[in-house]
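Note: the block below is query.cif and it holds mmCIF, C-alpha atoms and all ligand atoms.
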data_data
loop_
_atom_site.label_atom_id
_atom_site.label_comp_id
_atom_site.auth_asym_id
_atom_site.auth_seq_id
_atom_site.Cartn_x
_atom_site.Cartn_y
_atom_site.Cartn_z
CA MET A 171 134.98 84.15 102.98
CA ASN A 172 134.21 80.53 102.01
CA ASN A 173 130.69 79.92 100.74
CA PRO A 174 129.08 83.14 101.96
CA MET A 175 125.34 82.94 102.56
CA ILE A 176 124.87 86.41 101.12
CA LYS A 177 127.18 87.89 98.55
CA ALA A 178 126.52 91.31 97.03
CA GLU A 179 128.80 92.89 94.48
CA LYS A 180 128.16 96.48 93.41
CA LEU A 181 124.46 95.90 93.97
CA THR A 182 122.51 98.93 92.77
CA ARG A 183 118.90 100.03 92.49
CA LYS A 184 117.71 103.19 90.82
CA PHE A 185 114.22 104.63 90.77
CA GLY A 186 114.23 106.87 87.71
CA ASP A 187 117.27 109.13 88.09
CA PHE A 188 117.47 108.53 91.82
CA THR A 189 119.96 105.91 93.06
CA ALA A 190 118.47 104.42 96.22
CA VAL A 191 121.22 101.77 96.62
CA ASP A 192 124.55 102.66 95.08
CA HIS A 193 126.99 99.82 94.27
CA ILE A 194 127.07 98.11 97.64
CA SER A 195 129.39 95.11 98.15
CA PHE A 196 129.54 92.80 101.14
CA GLU A 197 129.40 89.17 102.21
CA VAL A 198 127.65 87.49 105.12
CA GLY A 199 128.81 84.11 106.44
CA ALA A 200 126.77 81.13 107.60
CA GLY A 201 125.57 81.54 111.17
CA GLU A 202 126.66 85.17 111.26
CA ILE A 203 124.52 87.89 112.87
CA PHE A 204 124.86 90.79 110.46
CA GLY A 205 123.52 94.19 111.52
CA PHE A 206 122.34 96.41 108.67
CA LEU A 207 122.19 99.96 109.96
CA GLY A 208 121.41 103.28 108.33
CA ALA A 209 119.37 106.42 108.92
CA ASN A 210 115.85 106.76 107.47
CA GLY A 211 116.01 106.70 103.70
CA ALA A 212 119.58 105.34 103.55
CA GLY A 213 118.45 102.45 101.35
CA LYS A 214 118.20 99.50 103.76
CA THR A 215 114.71 98.37 102.79
CA THR A 216 115.51 98.65 99.09
CA ALA A 217 118.67 96.55 99.56
CA MET A 218 116.79 94.00 101.62
CA ARG A 219 114.01 93.76 99.01
CA MET A 220 116.64 92.96 96.36
CA LEU A 221 118.24 90.29 98.56
CA THR A 222 114.91 88.65 99.32
CA GLY A 223 113.99 88.34 95.63
CA LEU A 224 111.23 90.95 95.83
CA LEU A 225 112.87 93.69 93.76
CA VAL A 226 115.06 93.34 90.67
CA PRO A 227 118.36 95.22 90.92
CA THR A 228 119.29 97.78 88.28
CA GLU A 229 122.94 96.75 88.30
CA GLY A 230 125.42 94.56 90.15
CA GLU A 231 125.33 90.96 91.34
CA ALA A 232 124.03 89.15 94.37
CA THR A 233 123.53 85.58 95.52
CA VAL A 234 121.55 84.52 98.56
CA ALA A 235 121.89 80.95 99.87
CA GLY A 236 123.81 80.28 96.64
CA TYR A 237 120.95 81.45 94.40
CA ASP A 238 121.10 84.35 91.99
CA VAL A 239 118.75 87.28 92.68
CA TYR A 240 118.02 87.82 88.98
CA GLU A 241 117.61 84.22 87.89
CA GLN A 242 116.40 82.35 90.97
CA PRO A 243 114.23 84.62 93.18
CA GLU A 244 111.73 81.81 93.82
CA GLN A 245 114.44 79.47 95.15
CA ILE A 246 115.67 82.32 97.36
CA LYS A 247 112.18 82.83 98.81
CA LYS A 248 112.06 79.16 99.81
CA ARG A 249 115.40 79.31 101.65
CA ILE A 250 114.81 82.51 103.61
CA GLY A 251 112.60 83.63 106.45
CA TYR A 252 111.38 87.21 106.66
CA MET A 253 109.98 89.20 109.54
CA SER A 254 109.07 92.86 109.58
CA GLN A 255 106.89 95.20 111.56
CA LYS A 256 104.69 95.72 108.53
CA PHE A 257 104.40 92.18 107.20
CA SER A 258 103.66 89.85 110.00
CA LEU A 259 101.03 87.80 111.78
CA TYR A 260 97.28 88.02 111.21
CA GLU A 261 95.68 89.83 114.15
CA ASP A 262 92.28 88.20 113.78
CA LEU A 263 93.59 84.64 113.78
CA THR A 264 94.71 82.74 116.87
CA VAL A 265 98.32 81.84 117.67
CA ARG A 266 97.80 78.29 116.41
CA GLU A 267 95.91 79.40 113.30
CA ASN A 268 98.76 81.72 112.38
CA ILE A 269 101.30 78.92 112.73
CA ARG A 270 99.11 76.66 110.63
CA LEU A 271 98.65 79.33 107.96
CA TYR A 272 102.38 80.01 107.62
CA GLY A 273 103.16 76.29 107.73
CA GLY A 274 100.88 75.93 104.70
CA ILE A 275 102.52 78.86 102.92
CA TYR A 276 105.90 77.23 103.52
CA ASP A 277 104.60 73.92 102.14
CA LEU A 278 104.89 71.90 105.33
CA GLY A 279 102.67 68.81 105.63
CA ASP A 280 99.77 68.62 108.14
CA GLN A 281 101.65 66.31 110.48
CA GLN A 282 104.73 68.51 110.42
CA ILE A 283 102.63 71.63 111.06
CA LYS A 284 101.01 70.01 114.08
CA GLN A 285 104.35 68.92 115.48
CA LYS A 286 105.94 72.33 114.85
CA SER A 287 102.94 74.10 116.42
CA ASP A 288 103.26 72.01 119.60
CA GLU A 289 107.02 72.53 119.78
CA LEU A 290 106.71 76.23 119.18
CA VAL A 291 104.01 77.04 121.73
CA ASN A 292 105.88 74.96 124.32
CA MET A 293 109.23 76.56 123.57
CA LEU A 294 107.75 80.07 123.79
CA GLY A 295 105.77 79.24 126.92
CA MET A 296 102.59 80.13 125.01
CA LYS A 297 100.56 76.99 125.60
CA GLU A 298 97.90 78.88 127.53
CA LEU A 299 97.72 81.48 124.79
CA GLN A 300 97.60 79.21 121.77
CA ASN A 301 93.89 79.74 121.13
CA LYS A 302 93.96 83.50 121.75
CA MET A 303 93.71 86.01 118.92
CA ILE A 304 97.05 87.53 117.99
CA GLY A 305 95.47 90.98 118.28
CA SER A 306 94.98 90.46 122.01
CA LEU A 307 98.65 89.67 122.76
CA PRO A 308 101.30 92.14 123.92
CA LEU A 309 103.64 93.34 121.17
CA GLY A 310 106.67 91.52 122.63
CA TRP A 311 104.87 88.17 122.40
CA LYS A 312 103.78 88.89 118.85
CA GLN A 313 107.37 89.63 117.88
CA LYS A 314 108.71 86.43 119.43
CA LEU A 315 106.03 84.42 117.70
CA ALA A 316 106.57 86.18 114.34
CA PHE A 317 110.27 85.38 114.60
CA SER A 318 109.60 81.70 115.28
CA VAL A 319 107.08 81.56 112.45
CA ALA A 320 109.69 83.04 110.07
CA LEU A 321 111.85 80.03 110.99
CA LEU A 322 109.16 77.36 110.60
CA HIS A 323 110.56 76.00 107.34
CA GLU A 324 114.13 75.98 108.75
CA PRO A 325 115.52 78.59 106.35
CA ASP A 326 119.25 79.19 105.81
CA ILE A 327 118.85 82.91 106.40
CA VAL A 328 116.37 85.01 108.30
CA PHE A 329 115.85 88.68 107.42
CA LEU A 330 114.61 90.77 110.32
CA ASP A 331 113.44 94.30 109.54
CA GLU A 332 113.34 96.27 112.79
CA PRO A 333 112.05 93.23 114.66
CA THR A 334 111.99 94.78 118.12
CA GLY A 335 110.43 98.19 117.47
CA GLY A 336 108.30 99.58 120.27
CA VAL A 337 109.05 97.19 123.13
CA ASP A 338 110.95 97.63 126.38
CA PRO A 339 114.67 96.79 126.79
CA ILE A 340 114.04 93.55 128.72
CA THR A 341 111.72 92.22 126.03
CA ARG A 342 114.23 93.26 123.38
CA ARG A 343 116.97 91.46 125.27
CA GLN A 344 114.84 88.27 125.39
CA PHE A 345 114.26 88.57 121.67
CA TRP A 346 118.00 88.76 121.12
CA GLU A 347 118.48 85.58 123.12
CA GLN A 348 116.29 83.87 120.52
CA ILE A 349 118.45 85.38 117.76
CA TYR A 350 121.65 84.05 119.37
CA LYS A 351 120.14 80.62 119.68
CA VAL A 352 119.22 80.28 116.01
CA ALA A 353 122.56 81.74 114.91
CA GLU A 354 124.36 79.16 117.06
CA GLU A 355 122.34 76.50 115.30
CA GLY A 356 123.74 77.79 112.00
CA THR A 357 121.04 80.12 110.69
CA THR A 358 122.34 83.35 109.23
CA VAL A 359 120.67 86.46 110.67
CA PHE A 360 120.41 89.70 108.70
CA VAL A 361 118.89 92.36 110.91
CA THR A 362 118.04 96.05 110.63
CA THR A 363 117.56 98.07 113.77
CA HIS A 364 117.49 101.63 114.98
CA TYR A 365 118.57 100.56 118.47
CA MET A 366 122.29 101.05 118.81
CA ASP A 367 122.61 98.73 121.80
CA GLU A 368 121.36 95.97 119.49
CA ALA A 369 124.06 96.80 116.96
CA GLU A 370 126.58 95.87 119.67
CA TYR A 371 125.09 92.36 119.81
CA CYS A 372 125.84 91.69 116.12
CA ASP A 373 128.94 89.86 114.87
CA ARG A 374 129.44 92.54 112.25
CA VAL A 375 127.67 95.77 111.46
CA SER A 376 127.38 97.74 108.23
CA ILE A 377 126.30 101.37 108.22
CA MET A 378 124.58 102.77 105.15
CA VAL A 379 124.60 106.45 104.31
CA ASP A 380 122.81 107.82 101.23
CA GLY A 381 122.77 104.49 99.39
CA ASN A 382 126.39 103.53 100.19
CA ILE A 383 127.92 101.29 102.83
CA ASP A 384 130.23 103.75 104.57
CA ALA A 385 131.49 101.39 107.28
CA LEU A 386 131.51 97.65 107.86
CA ASP A 387 133.27 95.81 110.66
CA THR A 388 132.78 94.12 114.00
CA PRO A 389 131.36 96.45 116.68
CA ALA A 390 134.80 96.52 118.35
CA GLY A 391 136.51 97.21 115.01
CA LEU A 392 134.15 100.10 114.23
CA LYS A 393 134.69 101.67 117.63
CA GLU A 394 138.43 101.44 117.21
CA GLN A 395 138.36 102.78 113.66
CA PHE A 396 136.27 105.79 114.67
CA ASP A 397 137.85 106.17 118.10
CA ALA A 398 134.34 106.04 119.58
CA ASP A 399 132.99 104.75 122.90
CA ASP A 400 130.00 103.04 121.36
CA ILE A 401 128.28 102.28 118.05
CA GLU A 402 125.86 105.15 118.56
CA GLU A 403 128.77 107.58 118.34
CA VAL A 404 130.05 105.89 115.16
CA PHE A 405 126.56 105.98 113.67
CA ILE A 406 125.94 109.62 114.51
CA ARG A 407 129.27 110.63 113.08
CA LEU A 408 128.55 108.88 109.79
CA ALA A 409 124.88 109.79 109.56
CA ARG A 410 125.52 113.46 110.31
CA GLY A 411 126.92 113.86 106.80
CA ALA A 412 123.84 112.27 105.21
CA GLU A 413 121.79 114.29 102.76
CA ARG A 414 118.71 112.05 102.85
CA GLY A 415 116.41 111.31 105.75
CA GLU A 416 114.02 113.25 107.91
N1 LIG B 501 109.56 102.58 94.89
C1 LIG B 501 110.28 103.68 95.07
N2 LIG B 501 110.22 104.71 94.19
C2 LIG B 501 110.96 105.83 94.35
N3 LIG B 501 111.80 106.04 95.39
C3 LIG B 501 111.89 105.06 96.30
C4 LIG B 501 111.16 103.83 96.20
N4 LIG B 501 111.47 103.05 97.26
C5 LIG B 501 112.37 103.75 97.99
N5 LIG B 501 112.63 104.95 97.42
C6 LIG B 501 113.55 105.98 97.90
O1 LIG B 501 114.81 105.35 98.10
C7 LIG B 501 115.44 105.86 99.28
C8 LIG B 501 115.79 104.68 100.17
O2 LIG B 501 114.59 104.15 100.74
P1 LIG B 501 114.56 102.89 101.71
O3 LIG B 501 113.15 102.65 102.08
O4 LIG B 501 115.32 101.79 101.07
O5 LIG B 501 115.38 103.43 102.95
P2 LIG B 501 115.55 102.83 104.41
O6 LIG B 501 116.99 102.93 104.71
O7 LIG B 501 114.93 101.50 104.46
O8 LIG B 501 114.75 103.85 105.31
P3 LIG B 501 113.78 103.58 106.56
O9 LIG B 501 114.68 103.30 107.73
O10 LIG B 501 113.05 104.88 106.67
O11 LIG B 501 112.88 102.42 106.20
C9 LIG B 501 114.48 106.84 99.90
O12 LIG B 501 114.88 108.16 99.52
C10 LIG B 501 113.13 106.48 99.28
O13 LIG B 501 112.31 107.61 99.16
#
Please express what this file holds, its structure, as structure tokens.
Amino acid sequence: MNNPMIKAEKLTRKFGDFTAVDHISFEVGAGEIFGFLGANGAGKTTAMRMLTGLLVPTEGEATVAGYDVYEQPEQIKKRIGYMSQKFSLYEDLTVRENIRLYGGIYDLGDQQIKQKSDELVNMLGMKELQNKMIGSLPLGWKQKLAFSVALLHEPDIVFLDEPTGGVDPITRRQFWEQIYKVAEEGTTVFVTTHYMDEAEYCDRVSIMVDGNIDALDTPAGLKEQFDADDIEEVFIRLARGAERGE
């Protein structure tokens, strides 16, 4: 792959004697939608924390947007967006206040923040809601807004950690339309999900089992390789052998 946006080579993280992520290697291209699947405890969050410059690896190499995870975590943080269920918008601030807050965190100027706020509320059809507290909005709206906010500073890569948890299939589908749009514009999307229908929407999917990447291919390639009707079947077959998890 020429100039991969993410490149991991034998990336490893141990906690004491326990190896949470065990020598994983993969590359993700610019504008690619890369699905990062695995059962609970497989090591996805640990891998993602290393790639986002939040956790130092024990061994191995990785670059993200061309920056080294050991040497240049601060540069990485500037070039990525991050959205998760746990780390997201402030419930007791309004839609507009949240945008302003994150614009400030991402070092955008006042004028740019104002312009981005207008664009964003218009694009999301949230003009009427812009002065409402986030806490009063339905979860699907919060997710769409959190995604847009993660893209405010026009990052090269956006990391999405279970971005659509807890909403209905139509809302999830709308969220994925937003994902397609930014990927078409060239942003790389790295996404974890427990919804197997969403795995089918990715360009390529990796499946982690007990700290290792046991499979990595396009959805069609995985189905062929495992002679399965859908990704769920592939996933279950791989995850059944897992020792970790609930
Ligand atoms: N700080 C830590 N100290 C010790 N063990 C940890 C730490 N963080 C994660 N682990 C262990 O590493 C393993 C992988 O955890 P991780 O959170 O990366 O999995 P995951 O695939 O993201 O799971 P989930 O889908 O439940 O979030 C688990 O067994 C977990 O208990």
Distance limit 10 Å, reference ligand LIG 501 (chain B), atoms considered: all atoms listed in the file. Which residues make the cut? Give them as an MDAnalysis selection string.
chainID A and resid 183:191 206:219 225 331:332 362:364 378:381 413:416
Within 10 Å of A:Leu315 using all atoms listed in the file, minus same-chain residues under 2 positions, as a ChimeraX atom specification:
/A:258-259,265,268-269,290-291,294,296,304,309-313,317-321
Mind checking which residues fall within 7 Å of stretch 287-289 of chain A, counting all atoms listed in the file, ignoring those fewer than 3 positions away in the same chain, and posting them as a list in words?
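Near neighbours after the sequence-gap exclusion: Arg266, Ile269, Ile283, Lys284, Asn292 and Met293 of chain A.
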So which one's closest to A:Glu403, A:Met220, A:Val337, A:Leu278, A:Met366? Using only C-alpha atoms, please.
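Looking at the shortest contact to A:Glu403, the residue is A:Met366.
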Nearest-residue call for A:Ile349, choices A:Met171, A:Leu330, A:Ile275, A:Tyr365, using all atoms listed in the file
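Ranked by minimum distance to A:Ile349, first place goes to A:Leu330.
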